[in-house]
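Chemist: If you scroll down you'll find the structure; I have some questions about it.
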Protein chains: 2
Amino acid sequence: MFSKACEYGIKAMIYIATQSLNHTRVKIGDVAKNSGSPEAFTAKILGLLTKHNIVNSLKGPYGGFEIDLLRMKQIKISEIVFAIDGDSIYNGCALGLSECNNDKPCPMHDRFLKVRTELKHMLETTTIYELATELKSGNSVLMK
Amino acid sequence: MFSKACEYGIKAMIYIATQSLNHTRVKIGDVAKNSGSPEAFTAKILGLLTKHNIVNSLKGPYGGFEIDLLRMKQIKISEIVFAIDGDSIYNGCALGLSECNNDKPCPMHDRFLKVRTELKHMLETTTIYELATELKSGNSVLMK
DNA sequence: TTTATTTAAGATAAATTTGTCCGAATTAAA
DNA sequence: TTTAATTCGGACAAATTTATCTTAAATAAA
């Protein structure tokens, strides 16, 4: 469904958020370790998210990643997915047609639209804050 | 969402079905041309679907691919997806955790389950026959 | 039986995604 | 100002997916 890059990005964001709730800034090594993702690859993805102002980074000693509380309540999972995977998940045709719309739909268009609308709605109404608080309270886990 | 292999497989099946409705057996070249997919790759995927008894093939002159009418009404899109992409789309965790379930859910588990259940239901209730008749009647198109 | 036509199967190649490595830039503290 | 710790950026490498090519096997017709 999502690319690996996207999975790592979301997991990293959730972990950083849980730590930011404690006012703790985290280094990339911590992020990788606590989200069960490869460090160098996760670093690259966080660089991308930093550029998109989805997460905040500071270089040097005592540096690392953080998300401020206000921002954390605004950021929807859809923004992370969009920054990493683009809009293919929202607009791509199920059968890969480059032009697939209500006028000239692929055979699965209508049926697929319903599923995707629900997916989109879910991603657009779920915040990093929600997922982070649920994780923190032990209602979910980040690692297998 | 689906792999390219899966997209090609579904499109090929729909096209073959429209021709089988006319009692016309089709060669791989026709399939590729009329479904807008690469010929050799589509051939390989149809080989896989043939092994799974999802489509019927005949070698030699006047050979090609066909689906009999009865079978066409039984085959669900889910079977094609499963034959090509496996069950990852149904069982894979949104965040890639190897063990993600109700007991130890990833942070997106519940929200994702809802979307996936709908996707699964859609794939399990749509037959090749339905998609082929809709295509044949001009309600949809296979090529951009 | 020979020939032409078709799918089958496996080797190979190209493209994309996933992943690592290393040096540069930044910055806090000594 | 020097040093150490950190992210940043780009080159590189590995793995997977996508795609092609070539030869074999099957089969219908002449």
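Chains: A, B, ... in order of the structure tokens. Residues: from 1 per chain. Ligands: from 1, in order shown.
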Write out as a PDB file with N, CA and C atoms (P, O5', C5', C4', C3', O3' and C1' of nucleotides), in the first residue's frame each polymer residue whose atoms come within 12 Å of Gly63 (chain A), counting only C-alpha atoms (C1' of nucleotides); drop sequence neighbours fewer than 6 positions from it.
Modeler:
ATOM      1  N   THR A  24      11.469  15.859  24.802  1.00  0.00           N
ATOM      2  CA  THR A  24      12.767  15.243  24.533  1.00  0.00           C
ATOM      3  C   THR A  24      13.057  15.246  23.040  1.00  0.00           C
ATOM      4  N   ARG A  25      14.182  15.822  22.706  1.00  0.00           N
ATOM      5  CA  ARG A  25      14.635  15.839  21.317  1.00  0.00           C
ATOM      6  C   ARG A  25      15.380  14.532  21.065  1.00  0.00           C
ATOM      7  N   VAL A  26      15.174  13.924  19.870  1.00  0.00           N
ATOM      8  CA  VAL A  26      15.793  12.613  19.641  1.00  0.00           C
ATOM      9  C   VAL A  26      16.737  12.602  18.445  1.00  0.00           C
ATOM     10  N   LYS A  27      17.787  11.806  18.572  1.00  0.00           N
ATOM     11  CA  LYS A  27      18.766  11.666  17.494  1.00  0.00           C
ATOM     12  C   LYS A  27      18.315  10.577  16.533  1.00  0.00           C
ATOM     13  N   ILE A  28      18.848  10.626  15.343  1.00  0.00           N
ATOM     14  CA  ILE A  28      18.425   9.686  14.307  1.00  0.00           C
ATOM     15  C   ILE A  28      18.636   8.225  14.730  1.00  0.00           C
ATOM     16  N   ASN A  56      10.964  19.158  12.787  1.00  0.00           N
ATOM     17  CA  ASN A  56      11.994  20.159  12.986  1.00  0.00           C
ATOM     18  C   ASN A  56      13.306  19.485  13.336  1.00  0.00           C
ATOM     19  N   SER A  57      14.418  19.953  12.730  1.00  0.00           N
ATOM     20  CA  SER A  57      15.706  19.351  13.046  1.00  0.00           C
ATOM     21  C   SER A  57      16.702  20.397  13.494  1.00  0.00           C
TER      22      SER A  57
ATOM     23  P    DT C  26      26.534  25.834   6.717  1.00  0.00           P
ATOM     24  O5'  DT C  26      26.185  25.335   8.192  1.00  0.00           O
ATOM     25  C5'  DT C  26      24.983  24.582   8.387  1.00  0.00           C
ATOM     26  C4'  DT C  26      24.924  24.147   9.823  1.00  0.00           C
ATOM     27  C3'  DT C  26      25.066  25.281  10.845  1.00  0.00           C
ATOM     28  O3'  DT C  26      23.887  25.285  11.609  1.00  0.00           O
ATOM     29  C1'  DT C  26      26.383  23.411  11.443  1.00  0.00           C
ATOM     30  P    DT C  27      23.492  26.527  12.565  1.00  0.00           P
ATOM     31  O5'  DT C  27      23.982  26.009  13.984  1.00  0.00           O
ATOM     32  C5'  DT C  27      23.463  24.765  14.467  1.00  0.00           C
ATOM     33  C4'  DT C  27      24.275  24.321  15.662  1.00  0.00           C
ATOM     34  C3'  DT C  27      24.625  25.452  16.642  1.00  0.00           C
ATOM     35  O3'  DT C  27      24.316  25.014  17.930  1.00  0.00           O
ATOM     36  C1'  DT C  27      26.497  24.161  16.193  1.00  0.00           C
ATOM     37  P    DA C  28      23.582  26.030  18.979  1.00  0.00           P
ATOM     38  O5'  DA C  28      23.936  25.329  20.353  1.00  0.00           O
ATOM     39  C5'  DA C  28      23.736  23.913  20.477  1.00  0.00           C
ATOM     40  C4'  DA C  28      24.825  23.346  21.355  1.00  0.00           C
ATOM     41  C3'  DA C  28      25.180  24.224  22.546  1.00  0.00           C
ATOM     42  O3'  DA C  28      25.119  23.429  23.718  1.00  0.00           O
ATOM     43  C1'  DA C  28      27.143  23.691  21.295  1.00  0.00           C
TER      44       DA C  28
ATOM     45  P    DA D   5      31.612  13.110  20.741  1.00  0.00           P
ATOM     46  O5'  DA D   5      30.226  13.696  20.219  1.00  0.00           O
ATOM     47  C5'  DA D   5      29.522  14.638  21.029  1.00  0.00           C
ATOM     48  C4'  DA D   5      28.388  15.219  20.219  1.00  0.00           C
ATOM     49  C3'  DA D   5      27.519  14.176  19.509  1.00  0.00           C
ATOM     50  O3'  DA D   5      26.163  14.566  19.648  1.00  0.00           O
ATOM     51  C1'  DA D   5      28.342  15.730  17.937  1.00  0.00           C
ATOM     52  P    DT D   6      25.044  13.484  19.747  1.00  0.00           P
ATOM     53  O5'  DT D   6      24.424  13.554  18.279  1.00  0.00           O
ATOM     54  C5'  DT D   6      23.457  14.534  18.007  1.00  0.00           C
ATOM     55  C4'  DT D   6      23.672  15.214  16.678  1.00  0.00           C
ATOM     56  C3'  DT D   6      23.172  14.479  15.447  1.00  0.00           C
ATOM     57  O3'  DT D   6      21.770  14.468  15.415  1.00  0.00           O
ATOM     58  C1'  DT D   6      24.983  16.006  15.018  1.00  0.00           C
ATOM     59  P    DT D   7      20.992  13.612  14.299  1.00  0.00           P
ATOM     60  O5'  DT D   7      20.825  14.649  13.099  1.00  0.00           O
ATOM     61  C5'  DT D   7      20.148  15.882  13.331  1.00  0.00           C
ATOM     62  C4'  DT D   7      20.439  16.859  12.198  1.00  0.00           C
ATOM     63  C3'  DT D   7      19.785  16.497  10.856  1.00  0.00           C
ATOM     64  O3'  DT D   7      19.389  17.720  10.214  1.00  0.00           O
ATOM     65  C1'  DT D   7      22.107  16.608  10.570  1.00  0.00           C
TER      66       DT D   7
END
Chemist: Give as a count of residues only every residue of chain B that touches chain C within 7 Å, counting only C-alpha atoms (C1' of nucleotides).
Modeler: 6
Chemist: Measure the distance from CA of Met108 (chain B) to CA of Ala83 (chain A) in Å and round it to one decimal.
Modeler: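 One can read the CA of Met108 (chain B) to CA of Ala83 (chain A) distance as 18.3 Å.
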Chemist: At a cut-off of 6 Å, can you tabulate as JSON lines every residue of chain D near chain B together with its closest atom pair and the distance in Å to one decimal, using only C-alpha atoms (C1' of nucleotides) and ordering rows by chain then number?
Modeler:
{"residue": "D:DA26", "atom": "C1'", "partner": "B:Lys59", "partner_atom": "CA", "distance": 5.8}
{"residue": "D:DT27", "atom": "C1'", "partner": "B:Gly60", "partner_atom": "CA", "distance": 4.6}
{"residue": "D:DA28", "atom": "C1'", "partner": "B:Pro61", "partner_atom": "CA", "distance": 5.6}
Chemist: Could you take the residues named above and write them with C-alpha atoms (C1' of nucleotides), as a PDB file, in the first residue's frame?
Modeler:
ATOM      1  C1'  DA D  26       2.898 -28.178 -28.464  1.00  0.00           C
ATOM      2  C1'  DT D  27      -0.337 -28.379 -32.130  1.00  0.00           C
ATOM      3  C1'  DA D  28      -3.067 -27.572 -36.382  1.00  0.00           C
TER       4       DA D  28
END
Chemist: To one decimal in Å, tell me the separation between CA of Asn53 (chain A) and CA of Met122 (chain A).
Modeler: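 Distance between the two atoms: 21.8 Å.
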Chemist: Please identify every residue of chain B that has at least one atom no more than 9 Å from any atom of chain A, counting only C-alpha atoms, and report them as JSON, numbers by chain.
Modeler: {"B": [1, 2, 4, 6, 7, 8, 10, 11, 14, 36, 88, 89, 92, 94, 95, 96, 97, 98, 99, 100, 103, 104, 105, 106, 107, 108, 109, 111, 112, 114, 115, 116, 118, 119, 122, 123, 126, 131, 132, 134, 135, 139, 140, 141, 142, 143, 144]}
Chemist: Give me, as a PyMOL selection string, the residues of region 15-100 of chain B that a backbone DSSP run labels strand (DSSP E or B).
Modeler: chain B and resi 26+56-58+64-66+76
Chemist: Next, the residues of the selection above should be written as an mmCIF file, in the first residue's frame with N, CA and C atoms.
Modeler:
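Resulting contents of selection05.cif:
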data_model
loop_
_atom_site.group_PDB
_atom_site.id
_atom_site.type_symbol
_atom_site.label_atom_id
_atom_site.label_comp_id
_atom_site.auth_asym_id
_atom_site.auth_seq_id
_atom_site.Cartn_x
_atom_site.Cartn_y
_atom_site.Cartn_z
ATOM 1 N N VAL B 26 -8.076 -15.258 -28.255
ATOM 2 C CA VAL B 26 -7.144 -14.184 -28.610
ATOM 3 C C VAL B 26 -5.688 -14.535 -28.346
ATOM 4 N N ASN B 56 -7.664 -19.918 -19.665
ATOM 5 C CA ASN B 56 -7.331 -21.120 -20.415
ATOM 6 C C ASN B 56 -6.466 -20.769 -21.613
ATOM 7 N N SER B 57 -5.417 -21.575 -21.843
ATOM 8 C CA SER B 57 -4.568 -21.281 -22.998
ATOM 9 C C SER B 57 -4.427 -22.504 -23.893
ATOM 10 N N LEU B 58 -4.268 -22.253 -25.192
ATOM 11 C CA LEU B 58 -4.013 -23.320 -26.157
ATOM 12 C C LEU B 58 -2.841 -22.934 -27.018
ATOM 13 N N GLY B 64 -4.285 -19.603 -28.391
ATOM 14 C CA GLY B 64 -4.464 -18.313 -27.736
ATOM 15 C C GLY B 64 -5.090 -18.480 -26.366
ATOM 16 N N PHE B 65 -5.694 -17.394 -25.894
ATOM 17 C CA PHE B 65 -6.299 -17.415 -24.553
ATOM 18 C C PHE B 65 -7.812 -17.257 -24.626
ATOM 19 N N GLU B 66 -8.478 -17.906 -23.691
ATOM 20 C CA GLU B 66 -9.933 -17.780 -23.601
ATOM 21 C C GLU B 66 -10.385 -18.079 -22.174
ATOM 22 N N LYS B 76 -13.419 -13.976 -9.271
ATOM 23 C CA LYS B 76 -13.440 -12.662 -8.638
ATOM 24 C C LYS B 76 -12.099 -11.983 -8.864
#
Chemist: Write down as a PyMOL selection string the residues belonging to region 14-134 of chain B that are assigned helix (DSSP H, G or I) by DSSP computed on the backbone.
Modeler: chain B and resi 14-21+28-35+39-51+69-74+77-85+88-91+109-125+128-134
